[in-house]
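> Encoded as C-alpha cells, here's the structure I'll be asking about.
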Amino acid sequence: MSVKEATARIKINKLLEVAGWRFFLEGTAPANIRLELSVTIKSSDLEALGENFEKINKGFIDFLLLDTKGFPLIVLEAKSEDKNPLVGKEQARKYARSQNCRFVILSNGNLHYFWDLERGNPYVITSFPTPDSVIGYQQVTPNPRRLIEDQVNDDYIVLTQRPNYQSEAAWRNEGERPGYIQANKLHFLRPYQLKAIHALQRAVKDGRDRFLFEMATGTGKTLTAGAVIKLFLRSRNARRVLFLVDRLELEDQAKKTFAALLSADFQTVIYKENRDDWRHAEIVVTTVQSLLFNNKYQRLFSPTDFDLVISDEAHRSIGGNARAVFDYFIGYKLGLTATPRDYLKKLDKAKPTIRDPREFERRLLLDTYRTFGCEDSQPTFRYSLLDGVKDGYLINPTIVDARTEITTELLSEDGFVVAFTDDMGEDQREAFKQREFEKRFFADATNQLLCKTFLENALRDPVSGEIGKSIIFAVSQNHAAKLAQILNQMADRMFPGKYQSDFAVQVTSQIPDAQQFSINFSNNNLLGSANFLPAYKTSKARVCVTVGMMTTGYDCTDILNLGLIRPIFSPTDFIQIKGRGTRNHNFLEQLFDDSLKDGVSQPQKTTFKLFDFFANCEYFEEEFNYDEVLKLPLPKGKGREGEGGEGPVVVGGTYEHLGADILSMVKEETIGYEGMKIDRMFFEKFEDTVRENETIVAAVEAGQWDRVIDYVNRKVFDKPKEYYTLDKLRKAAAVDRLLSLREIMEKIFGLIPRFKSKDELLEEEFAKFVTDCKPKEAKAIPAIKTYFKAYVISGQVRHIIESKQFTDLATNPFFSTRDFRAVPEKYRFLIPDYVKDYVSLNQFAA
C-alpha cells in the first residue's frame, strides 16, 4: 500500500469516527466471516513505517459498514488520494451486490460520493452519513414509475383535507357549493398548477431529479409545492421533505399553509421550534440561514436525512454559500422562483460589469437555473405575470410616475449639485445622486411632498371609502420612522378624530413584534379593525412603512397601493415588491352586513397603484407605457436660487447635508504584552454588559439580529466609562482573523462554542466549493485547495492572478509558480470567479 493510499485511509477513518460508524476489515477472512477490529492508523505511525509501509500486505482494503443488527449496510470503496474515487465504481457495485448492500460510498479521503444503487448516479457529499440516517433512508424504496403514474387532479389536495367531500350534501348542491368550499377552506388546484405537477412527472420520466418552477407572485407556489410534497410522500419516493425559506416570517407562513393542506396525513414542524422532534415529522420547514450558521447543516444533519428538498424563492435561498446547504442533501430538488430569467433582456451581456446590479442579478439567475438542472435556461414549468393576468388570476398595476424638482435632479446624469464656500473661502461643488437620498442627502420638504401626493392620489377602499391598504418602501429604518410620522400627521388633518397616530405603522426589524404587525395587517386587525364601518372588517392601520420585511412571500390580497419612496437597483427586489399587489381580492368577503353589499359598485379588485417616486420603472424598462403620470409643481415661492446666491434652497427652504466626518486627530498607540490581561477582562466585562441588557436578550432570543447589531452600535459602543468598540473586542478575542459583531454576540450568548480559526473557515469554504463545482481531477485536489486558500487569504496573490503578472509568483511566499502550475487550467479562472461571487473575504482579514 502506498503512502497516498494510507493517507486516504487515515482521512476516511476520521470521517467514519465523526459519523459514528463501527467498521470491519474485509479481505482478511472468508466472505461469510466478519472480524471486528480496533484499528486506527495515526500520522505518526505512517512516518515510522516510511517506505516499508508499501510492503505491508494487510491493511484497509475495503470498509463494510454494518447496521445496528450487524447486517451489511454500506460498502465503502477507498482509493488513494491521487485517484478519482469513481474508478472504483464497478468494483464497488459488484462487491455491494455480493453483500446485498444497496448503498456505496466512494472516497479518496478528499472527494466522496454517496451512491444509492436503486436511485441513480453517485452524488458528491462533503461528510459521511450517520448510521441512523442511512437506516432511515433505507426505508424509502424509490419507485419513479409510481411517481410518474400517480393521478393528480384538481382535487388532489382536497382529498387530503376532506376525503369524502363529494358525498356531502352541500357539495352536491351547486348553489351551496361555493359557500361549502369557502367554509371548509378547500384548496382545488388551478389548471396551471396541475400543468406544473404534470411537467414535473414528465421530467422524472426523462430521468431528471432537479426541477424549477418559475411562477409569478400570487399564483400559489406554496400550494403547488404542497401537491408535490404529497405526491412524493404518498408514492413513497420520499419519507421526509425539507422546505427552505430565506426569511423568518416565511417559516411560520409555510408551516401554517402545509398544516392547512396536509395535516390529515403528514406532520409539519419548524426545525428551530422542534430541534429534537424533526425526525418524527414528514415536512420540516426552516430558514437556510439557520442551517448555514456555524455549518449547522453539516454538524446536525446527515446527507441522507431528506429525500426531497424544496427551495422557496430559489434565487434567494440558494444564493452564495447557501447553495452548499441545498447541495449537501441527497435526493430530489425543487426550486420555486417568481423571478423570470428573461426579465433582464435589455442588459448588454457583451459588456458585463459587476458594478451593474442587473449583471449581478443575471449571474444569480443563471446560477439558479444551472443548480436546478436547467442548463438550457428553460425551467421545468413557467407561468408568468402576463399569463396570470390573461387567465384572470392576477392583476396589473397602475403605474404612478411622480417626481419633484429635487428627485428629478437627483435622478439626472449630473445629480443634484450643491455649490458652497469652504472654510478657506474657496468655492466648492458637490453632486448627490438618487442612491444618496436619506443617506447623505436629506430633504424633509421632499418627504412631505411625496407623502402628500401619495395620500391625495391613493386608491380608496371600495366599501368604506378610507385610504386603501398600502405598503410604502423606505430607504432605511430612520427614513421609515420619518415617513410614518409624516403620514400620521397628515391623516389627522384628512380624517379628524379617526386616527390616534395609528394610520401609518413602521414595520421594520427595530420595531418589537414587527413580524406580528405584518401578520395582523394581512388579517385586518392591525391596531384595531372596522374604524369607518362597524360591519366591515378591515385593518384600522392603513399604511405599513417598511424597508425590506414585507417584500418576499408576504400575502395580503387586499393591498391597493404600493409606494416606492426609494430607488431600487435589484430587478428581483422590484419584481417581488410589485408582486405584493398583483393578487385578486373580493372586498365583500370582509363585509358582514348583507344589506350594505348592494351599495358597493366595484367590490372586485381590478387594479392597484404603484407609486414610483424614483423612476424605478424607467430604470428597469427603458420604454415603459405609464398608465398615469403626475407632475408635481413646487410650492409657490420655493425653488433653487441662481448662481451667485447664498447657496442652494431645497423644497421647503431647508438643506441638511450629513456627509462623512473630517479627521481632527490621529493617534497611534502600540499595546504590549502587559495589555493582554486587561484585554481579556475588557471582553468579560462586555459580556456581562450585554447579558444584563433585557432589550438585547429579547432580540437574541427572537433571532432579530439586525436589531441586536443596531442596538449595540447605537446604545453600547463608544459610550463614556468603558468606550466599548468592535476593534477593542476583536483584539481582546485574540483570533487570527476579523470577527464580526454578530459572531461575538453569538459566542457570548452560547450560540457557538468558540470562534473558528482562519484555517477552519477556509476548510469549510473549500468544502462548499467542492460540493458546488464537483471537481473530477482527483489527483489535483490538494493543488486546487492550496490555490483556493492562497487566493482567499492573500491580497497579493489575488492581485497577481487578476493582473495576470504570473511571473511575480516566483517570489511570492504564499503561492509559488510551481504551485500555480499544479492547478488544472480550468480552476485557475474558476476559483477567482467563485470566490468573488460566494466568499466573503472580510472574515479572513487579520
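Chain labels follow the order of the C-alpha cells: the first chain is A, the next B, and so on; residue numbering restarts at 1 in every chain, and ligands are counted from 1 in their shown order.
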Region 213-215 of chain A: which residues within 6 Å, counting only C-alpha atoms, same-chain residues fewer than 2 positions away excluded, as a ChimeraX atom specification?

/A:336-338,380-384

> Once you have the residues from the selection above, write them out as a tab-separated table (two decimals), in the first residue's frame, restricted to N, CA, C and O atoms.


chain	number	residue	atom	x	y	z
A	336	LEU	N	-38.43	26.99	-6.41
A	336	LEU	CA	-39.57	27.84	-6.72
A	336	LEU	C	-39.07	29.28	-6.84
A	336	LEU	O	-38.36	29.75	-5.96
A	337	THR	N	-39.40	29.96	-7.91
A	337	THR	CA	-38.99	31.35	-8.06
A	337	THR	C	-40.06	32.14	-8.78
A	337	THR	O	-40.79	31.61	-9.62
A	338	ALA	N	-40.15	33.43	-8.42
A	338	ALA	CA	-41.09	34.32	-9.11
A	338	ALA	C	-40.37	35.22	-10.09
A	338	ALA	O	-40.99	36.03	-10.75
A	380	THR	N	-38.54	23.93	-15.61
A	380	THR	CA	-39.42	22.77	-15.77
A	380	THR	C	-40.84	23.22	-16.11
A	380	THR	O	-41.53	22.59	-16.91
A	381	PHE	N	-41.23	24.34	-15.49
A	381	PHE	CA	-42.56	24.90	-15.78
A	381	PHE	C	-42.50	26.41	-15.56
A	381	PHE	O	-41.83	26.89	-14.65
A	382	ARG	N	-43.21	27.16	-16.41
A	382	ARG	CA	-43.23	28.62	-16.31
A	382	ARG	C	-44.67	29.12	-16.40
A	382	ARG	O	-45.44	28.69	-17.25
A	383	TYR	N	-45.00	30.05	-15.51
A	383	TYR	CA	-46.30	30.73	-15.56
A	383	TYR	C	-46.05	32.17	-15.15
A	383	TYR	O	-45.80	32.48	-13.99
A	384	SER	N	-46.11	33.07	-16.11
A	384	SER	CA	-45.69	34.45	-15.90
A	384	SER	C	-46.82	35.33	-15.38
A	384	SER	O	-47.99	34.93	-15.35

> For region 224-235 of chain A, please output as a list of chain:residue names all residues within 8 Å (counting only C-alpha atoms; exclusion window: fewer than 3 positions along the same chain).

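The neighbour list is A:Asn143, A:Arg146, A:Leu147, A:Asp150, A:Tyr156, A:Ile157, A:Leu189, A:Gln193, A:Ala196, A:Ile197, A:Gly220, A:Lys221, A:Ala238, A:Arg239, A:Arg240, A:Val241, A:Phe258, A:Leu261, A:Leu262, A:Glu282, A:Leu308, A:Ile310.
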
> Save out the residues we just selected, N, CA and C atoms, as a CSV table (one decimal), in the first residue's frame.


chain,number,residue,atom,x,y,z
A,143,ASN,N,-39.4,4.6,-6.3
A,143,ASN,CA,-40.3,4.0,-7.4
A,143,ASN,C,-40.7,5.1,-8.3
A,146,ARG,N,-44.1,5.0,-10.0
A,146,ARG,CA,-45.3,5.4,-9.3
A,146,ARG,C,-45.4,6.9,-9.2
A,147,LEU,N,-44.3,7.5,-9.1
A,147,LEU,CA,-44.2,9.0,-9.1
A,147,LEU,C,-44.8,9.5,-10.4
A,150,ASP,N,-48.9,8.3,-10.8
A,150,ASP,CA,-49.9,8.7,-9.9
A,150,ASP,C,-50.8,9.8,-10.5
A,156,TYR,N,-56.7,17.1,-5.8
A,156,TYR,CA,-55.6,16.3,-5.2
A,156,TYR,C,-55.4,16.6,-3.7
A,157,ILE,N,-55.3,17.9,-3.4
A,157,ILE,CA,-55.2,18.4,-2.0
A,157,ILE,C,-56.5,18.2,-1.2
A,189,LEU,N,-56.7,22.7,-7.0
A,189,LEU,CA,-55.6,23.1,-7.9
A,189,LEU,C,-56.1,23.8,-9.1
A,193,GLN,N,-51.5,25.1,-12.1
A,193,GLN,CA,-50.8,24.3,-11.1
A,193,GLN,C,-50.8,22.8,-11.4
A,196,ALA,N,-48.0,22.3,-13.9
A,196,ALA,CA,-46.7,22.3,-13.2
A,196,ALA,C,-46.4,20.9,-12.7
A,197,ILE,N,-47.3,20.3,-12.0
A,197,ILE,CA,-47.1,19.0,-11.4
A,197,ILE,C,-46.9,17.9,-12.5
A,220,GLY,N,-49.7,31.0,-6.3
A,220,GLY,CA,-49.9,29.8,-5.4
A,220,GLY,C,-48.7,28.8,-5.5
A,221,LYS,N,-47.5,29.3,-5.4
A,221,LYS,CA,-46.3,28.4,-5.4
A,221,LYS,C,-46.3,27.4,-4.2
A,238,ALA,N,-40.3,9.6,-1.0
A,238,ALA,CA,-39.7,10.4,0.0
A,238,ALA,C,-40.3,10.0,1.3
A,239,ARG,N,-39.5,10.0,2.4
A,239,ARG,CA,-40.0,9.8,3.7
A,239,ARG,C,-40.0,11.1,4.5
A,240,ARG,N,-39.2,12.1,4.1
A,240,ARG,CA,-39.1,13.3,4.8
A,240,ARG,C,-38.7,14.4,3.8
A,241,VAL,N,-39.3,15.6,3.9
A,241,VAL,CA,-39.1,16.7,3.0
A,241,VAL,C,-38.6,17.9,3.7
A,258,PHE,N,-48.9,24.4,5.0
A,258,PHE,CA,-48.8,22.9,4.9
A,258,PHE,C,-49.7,22.2,5.9
A,261,LEU,N,-53.2,22.3,4.5
A,261,LEU,CA,-53.3,21.4,3.3
A,261,LEU,C,-53.2,19.9,3.6
A,262,LEU,N,-52.2,19.6,4.5
A,262,LEU,CA,-51.8,18.2,4.5
A,262,LEU,C,-51.8,17.6,5.9
A,282,GLU,N,-42.8,14.6,8.7
A,282,GLU,CA,-42.6,14.3,7.3
A,282,GLU,C,-42.2,15.6,6.5
A,308,LEU,N,-36.4,14.8,-0.4
A,308,LEU,CA,-36.8,15.9,-1.3
A,308,LEU,C,-36.5,17.2,-0.6
A,310,ILE,N,-37.0,21.3,-1.1
A,310,ILE,CA,-37.6,22.4,-1.9
A,310,ILE,C,-37.1,23.7,-1.4

> Let's see if you can do this: from backbone DSSP, list all strand (DSSP E) residues in region 118-317 of chain A, as an MDAnalysis selection string.

chainID A and resid 123:125 210:215 241:245 268:270 283:287 308:311

> Quick one, how far is CA of Asn110 (chain A) from CA of Pro824 (chain A)?

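Taking CA of Asn110 (chain A) and CA of Pro824 (chain A), their separation equals 16.7 Å.
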
> Give me the residues near Phe306 (chain A) as a list in words, where near means some atom within 10 Å (using only C-alpha atoms) and where sequence neighbours in that chain fewer than 5 positions away do not count.

Ser133, Gly136, Tyr137, Ala238, Arg239, Arg240, Val241, Leu242, Phe243, Arg279, Glu282, Ile283, Val284, Phe301, Phe329, Ile330, Gly331 and Tyr332 of chain A

> Compile the contact shell of Lys482 (chain A) as an MDAnalysis selection string: residues with an atom at most 12 Å away, counting only C-alpha atoms, same-chain residues fewer than 2 positions apart removed.

chainID A and resid 438 442:448 451 474:480 484:489 504:506 545:546 565

> Just the number, please: distance in Å from CA of His585 (chain A) to CA of Phe608 (chain A), one decimal.

10.9 Å

> Quick one: everything within 10 Å of Val839 (chain A), counting only C-alpha atoms, minus sequence neighbours fewer than 3 positions away in the same chain. Send it as a list in words.

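Counting only C-alpha atoms, the residues come to Gly320, Asn321, Leu762, Glu765, Phe766, Lys768, Phe769, Val792, Pro832, Asp833, Tyr834, Val835, Lys836, Asn842, Gln843 and Phe844 of chain A.
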
> I need the chosen residues saved as a PDB file, in the first residue's frame, with N, CA, C and O atoms.


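Final file, out.pdb:
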ATOM      1  N   GLY A 320     -25.175  32.489  -3.075  1.00  0.00           N
ATOM      2  CA  GLY A 320     -23.931  32.486  -2.318  1.00  0.00           C
ATOM      3  C   GLY A 320     -23.646  31.155  -1.664  1.00  0.00           C
ATOM      4  O   GLY A 320     -23.883  30.085  -2.212  1.00  0.00           O
ATOM      5  N   ASN A 321     -23.163  31.219  -0.409  1.00  0.00           N
ATOM      6  CA  ASN A 321     -22.799  29.998   0.302  1.00  0.00           C
ATOM      7  C   ASN A 321     -24.015  29.142   0.657  1.00  0.00           C
ATOM      8  O   ASN A 321     -23.881  27.970   0.988  1.00  0.00           O
ATOM      9  N   LEU A 762     -11.489  28.415   6.156  1.00  0.00           N
ATOM     10  CA  LEU A 762     -11.015  28.100   4.806  1.00  0.00           C
ATOM     11  C   LEU A 762     -11.406  26.681   4.404  1.00  0.00           C
ATOM     12  O   LEU A 762     -11.828  26.437   3.267  1.00  0.00           O
ATOM     13  N   GLU A 765     -15.080  26.675   3.564  1.00  0.00           N
ATOM     14  CA  GLU A 765     -15.354  27.314   2.272  1.00  0.00           C
ATOM     15  C   GLU A 765     -14.916  26.407   1.114  1.00  0.00           C
ATOM     16  O   GLU A 765     -15.598  26.332   0.085  1.00  0.00           O
ATOM     17  N   PHE A 766     -13.825  25.701   1.289  1.00  0.00           N
ATOM     18  CA  PHE A 766     -13.365  24.808   0.227  1.00  0.00           C
ATOM     19  C   PHE A 766     -14.320  23.627   0.075  1.00  0.00           C
ATOM     20  O   PHE A 766     -14.589  23.175  -1.046  1.00  0.00           O
ATOM     21  N   LYS A 768     -17.488  23.709   0.536  1.00  0.00           N
ATOM     22  CA  LYS A 768     -18.626  24.231  -0.223  1.00  0.00           C
ATOM     23  C   LYS A 768     -18.287  24.336  -1.707  1.00  0.00           C
ATOM     24  O   LYS A 768     -19.122  24.050  -2.574  1.00  0.00           O
ATOM     25  N   PHE A 769     -17.061  24.744  -1.995  1.00  0.00           N
ATOM     26  CA  PHE A 769     -16.622  24.840  -3.388  1.00  0.00           C
ATOM     27  C   PHE A 769     -16.647  23.463  -4.054  1.00  0.00           C
ATOM     28  O   PHE A 769     -17.107  23.312  -5.194  1.00  0.00           O
ATOM     29  N   VAL A 792      -7.838  33.251  -1.372  1.00  0.00           N
ATOM     30  CA  VAL A 792      -8.748  33.858  -0.405  1.00  0.00           C
ATOM     31  C   VAL A 792      -8.008  34.734   0.596  1.00  0.00           C
ATOM     32  O   VAL A 792      -8.425  35.857   0.897  1.00  0.00           O
ATOM     33  N   PRO A 832     -11.093  32.126  -8.911  1.00  0.00           N
ATOM     34  CA  PRO A 832     -11.297  33.571  -8.696  1.00  0.00           C
ATOM     35  C   PRO A 832     -12.745  34.000  -8.895  1.00  0.00           C
ATOM     36  O   PRO A 832     -13.276  34.792  -8.106  1.00  0.00           O
ATOM     37  N   ASP A 833     -13.404  33.481  -9.921  1.00  0.00           N
ATOM     38  CA  ASP A 833     -14.806  33.840 -10.156  1.00  0.00           C
ATOM     39  C   ASP A 833     -15.686  33.365  -9.002  1.00  0.00           C
ATOM     40  O   ASP A 833     -16.581  34.080  -8.550  1.00  0.00           O
ATOM     41  N   TYR A 834     -15.442  32.139  -8.551  1.00  0.00           N
ATOM     42  CA  TYR A 834     -16.236  31.576  -7.450  1.00  0.00           C
ATOM     43  C   TYR A 834     -16.043  32.404  -6.182  1.00  0.00           C
ATOM     44  O   TYR A 834     -17.014  32.748  -5.501  1.00  0.00           O
ATOM     45  N   VAL A 835     -14.803  32.729  -5.857  1.00  0.00           N
ATOM     46  CA  VAL A 835     -14.515  33.477  -4.631  1.00  0.00           C
ATOM     47  C   VAL A 835     -15.178  34.854  -4.674  1.00  0.00           C
ATOM     48  O   VAL A 835     -15.774  35.314  -3.692  1.00  0.00           O
ATOM     49  N   LYS A 836     -15.119  35.517  -5.822  1.00  0.00           N
ATOM     50  CA  LYS A 836     -15.735  36.845  -5.940  1.00  0.00           C
ATOM     51  C   LYS A 836     -17.235  36.787  -5.706  1.00  0.00           C
ATOM     52  O   LYS A 836     -17.822  37.704  -5.121  1.00  0.00           O
ATOM     53  N   ASN A 842     -13.917  39.537   3.918  1.00  0.00           N
ATOM     54  CA  ASN A 842     -13.722  40.306   5.157  1.00  0.00           C
ATOM     55  C   ASN A 842     -13.445  39.404   6.353  1.00  0.00           C
ATOM     56  O   ASN A 842     -12.675  39.756   7.243  1.00  0.00           O
ATOM     57  N   GLN A 843     -14.082  38.231   6.386  1.00  0.00           N
ATOM     58  CA  GLN A 843     -13.936  37.349   7.552  1.00  0.00           C
ATOM     59  C   GLN A 843     -12.522  36.783   7.674  1.00  0.00           C
ATOM     60  O   GLN A 843     -12.152  36.277   8.735  1.00  0.00           O
ATOM     61  N   PHE A 844     -11.721  36.871   6.589  1.00  0.00           N
ATOM     62  CA  PHE A 844     -10.369  36.311   6.633  1.00  0.00           C
ATOM     63  C   PHE A 844      -9.298  37.379   6.874  1.00  0.00           C
ATOM     64  O   PHE A 844      -8.109  37.069   6.930  1.00  0.00           O
TER      65      PHE A 844
END

> Got a sec: who's within 10 Å of His187 (chain A), counting only C-alpha atoms, leaving out chain neighbours fewer than 5 positions off, as a JSON list (two decimals) with N, CA and C atoms, in the first residue's frame?


[["chain", "number", "residue", "atom", "x", "y", "z"],
["A", 154, "ASP", "N", -57.49, 18.11, -10.00],
["A", 154, "ASP", "CA", -57.64, 19.39, -9.31],
["A", 154, "ASP", "C", -58.02, 19.22, -7.84],
["A", 155, "ASP", "N", -58.57, 18.07, -7.44],
["A", 155, "ASP", "CA", -58.95, 17.86, -6.04],
["A", 155, "ASP", "C", -57.89, 17.06, -5.28],
["A", 156, "TYR", "N", -56.67, 17.06, -5.77],
["A", 156, "TYR", "CA", -55.60, 16.25, -5.17],
["A", 156, "TYR", "C", -55.37, 16.63, -3.71],
["A", 157, "ILE", "N", -55.34, 17.93, -3.41],
["A", 157, "ILE", "CA", -55.16, 18.40, -2.04],
["A", 157, "ILE", "C", -56.46, 18.24, -1.24],
["A", 158, "VAL", "N", -57.60, 18.50, -1.88],
["A", 158, "VAL", "CA", -58.89, 18.41, -1.20],
["A", 158, "VAL", "C", -59.14, 17.00, -0.66],
["A", 159, "LEU", "N", -58.66, 16.00, -1.37],
["A", 159, "LEU", "CA", -58.85, 14.62, -0.94],
["A", 159, "LEU", "C", -58.10, 14.32, 0.36],
["A", 161, "GLN", "N", -57.62, 17.05, 2.60],
["A", 161, "GLN", "CA", -58.33, 17.92, 3.54],
["A", 161, "GLN", "C", -59.67, 17.32, 3.97],
["A", 181, "ILE", "N", -67.15, 25.33, -0.08],
["A", 181, "ILE", "CA", -65.69, 25.37, -0.33],
["A", 181, "ILE", "C", -65.04, 26.41, 0.56],
["A", 182, "GLN", "N", -65.68, 27.59, 0.67],
["A", 182, "GLN", "CA", -65.11, 28.66, 1.48],
["A", 182, "GLN", "C", -65.13, 28.31, 2.96],
["A", 223, "LEU", "N", -48.96, 26.31, -2.53],
["A", 223, "LEU", "CA", -49.98, 25.29, -2.75],
["A", 223, "LEU", "C", -49.48, 24.25, -3.74],
["A", 260, "ALA", "N", -52.54, 23.37, 6.98],
["A", 260, "ALA", "CA", -53.90, 23.51, 6.48],
["A", 260, "ALA", "C", -54.19, 22.56, 5.32],
["A", 261, "LEU", "N", -53.15, 22.27, 4.54],
["A", 261, "LEU", "CA", -53.34, 21.44, 3.35],
["A", 261, "LEU", "C", -53.18, 19.95, 3.63]]

> If you count only C-alpha atoms, which residues fall within 8 Å of Asn84 (chain A), apart from same-chain ones fewer than 5 positions away, as a list in words?

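Once the adjacent positions are removed, what remains is Lys79, Asn108, Leu111, Lys776, Glu777, Ala778 and Lys779 of chain A.
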
> Rank A:Ser2, A:Asn121, A:Ser311, A:Thr557 by their smallest atom-to-atom distance to Ser80 (chain A), using only C-alpha atoms, and report the top residue only.

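Among the listed residues, the smallest separation from Ser80 (chain A) belongs to A:Ser2.
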
> Restricting the calculation to only C-alpha atoms, which member of A:Arg9, A:Arg97, A:Arg145, A:Lys609 is positioned closest to Ala78 (chain A)?

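The closest residue to Ala78 (chain A) is A:Arg9.
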
> Restricting the calculation to only C-alpha atoms: of A:Glu81, A:Leu73, A:Ile752, A:Asp718, which residue gets closest to Val3 (chain A)?

A:Glu81

> Measuring between only C-alpha atoms, which one of A:Arg162, A:Arg828, A:Arg580, A:Lys333 shows the shortest distance to Ile800 (chain A)?

A:Arg828

> Apply DSSP to the backbone of this structure and, from region 81-138 of chain A, keep only the residues in alpha helix (DSSP H); write these as JSON, numbers by chain.

{"A": [89, 90, 91, 92, 93, 94, 95, 96, 97, 98, 131, 132, 133, 134, 135, 136, 137, 138]}

> How about saving the chosen residues, N, CA and C atoms kept, as a short mmCIF file (atom, residue, chain, number, x, y, z; two decimals), in the first residue's frame?


data_model
loop_
_atom_site.label_atom_id
_atom_site.label_comp_id
_atom_site.auth_asym_id
_atom_site.auth_seq_id
_atom_site.Cartn_x
_atom_site.Cartn_y
_atom_site.Cartn_z
N LYS A 89 -15.91 2.42 -9.00
CA LYS A 89 -17.36 2.32 -9.04
C LYS A 89 -17.86 0.91 -9.34
N GLU A 90 -17.37 0.31 -10.42
CA GLU A 90 -17.87 -1.00 -10.82
C GLU A 90 -17.42 -2.10 -9.85
N GLN A 91 -16.21 -1.94 -9.35
CA GLN A 91 -15.72 -2.88 -8.35
C GLN A 91 -16.62 -2.84 -7.11
N ALA A 92 -17.00 -1.61 -6.70
CA ALA A 92 -17.85 -1.46 -5.53
C ALA A 92 -19.25 -2.00 -5.79
N ARG A 93 -19.76 -1.79 -7.03
CA ARG A 93 -21.10 -2.28 -7.36
C ARG A 93 -21.14 -3.81 -7.22
N LYS A 94 -20.11 -4.46 -7.77
CA LYS A 94 -20.05 -5.91 -7.73
C LYS A 94 -19.99 -6.41 -6.29
N TYR A 95 -19.15 -5.76 -5.48
CA TYR A 95 -18.98 -6.17 -4.10
C TYR A 95 -20.27 -5.93 -3.31
N ALA A 96 -20.94 -4.76 -3.58
CA ALA A 96 -22.18 -4.43 -2.86
C ALA A 96 -23.25 -5.47 -3.14
N ARG A 97 -23.34 -5.90 -4.39
CA ARG A 97 -24.35 -6.92 -4.74
C ARG A 97 -24.06 -8.24 -4.05
N SER A 98 -22.77 -8.58 -3.93
CA SER A 98 -22.43 -9.84 -3.27
C SER A 98 -22.76 -9.80 -1.79
N PRO A 131 -25.13 6.43 10.77
CA PRO A 131 -25.83 5.14 10.66
C PRO A 131 -27.35 5.28 10.71
N ASP A 132 -27.85 6.07 11.69
CA ASP A 132 -29.31 6.23 11.82
C ASP A 132 -29.92 6.84 10.58
N SER A 133 -29.22 7.81 9.99
CA SER A 133 -29.76 8.48 8.81
C SER A 133 -29.87 7.51 7.64
N VAL A 134 -28.86 6.69 7.43
CA VAL A 134 -28.89 5.75 6.30
C VAL A 134 -29.94 4.67 6.53
N ILE A 135 -30.08 4.24 7.77
CA ILE A 135 -31.10 3.22 8.07
C ILE A 135 -32.49 3.79 7.79
N GLY A 136 -32.71 5.06 8.14
CA GLY A 136 -33.98 5.70 7.82
C GLY A 136 -34.16 5.88 6.33
N TYR A 137 -33.09 6.26 5.67
CA TYR A 137 -33.13 6.46 4.22
C TYR A 137 -33.44 5.15 3.50
N GLN A 138 -32.99 4.05 4.10
CA GLN A 138 -33.19 2.73 3.50
C GLN A 138 -34.67 2.34 3.49
#

> What separation in Å, quoted to one decimal, exists between CA of Thr551 (chain A) and CA of Gln576 (chain A)?

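So the two atoms, CA of Thr551 (chain A) and CA of Gln576 (chain A), lie 5.8 Å apart.
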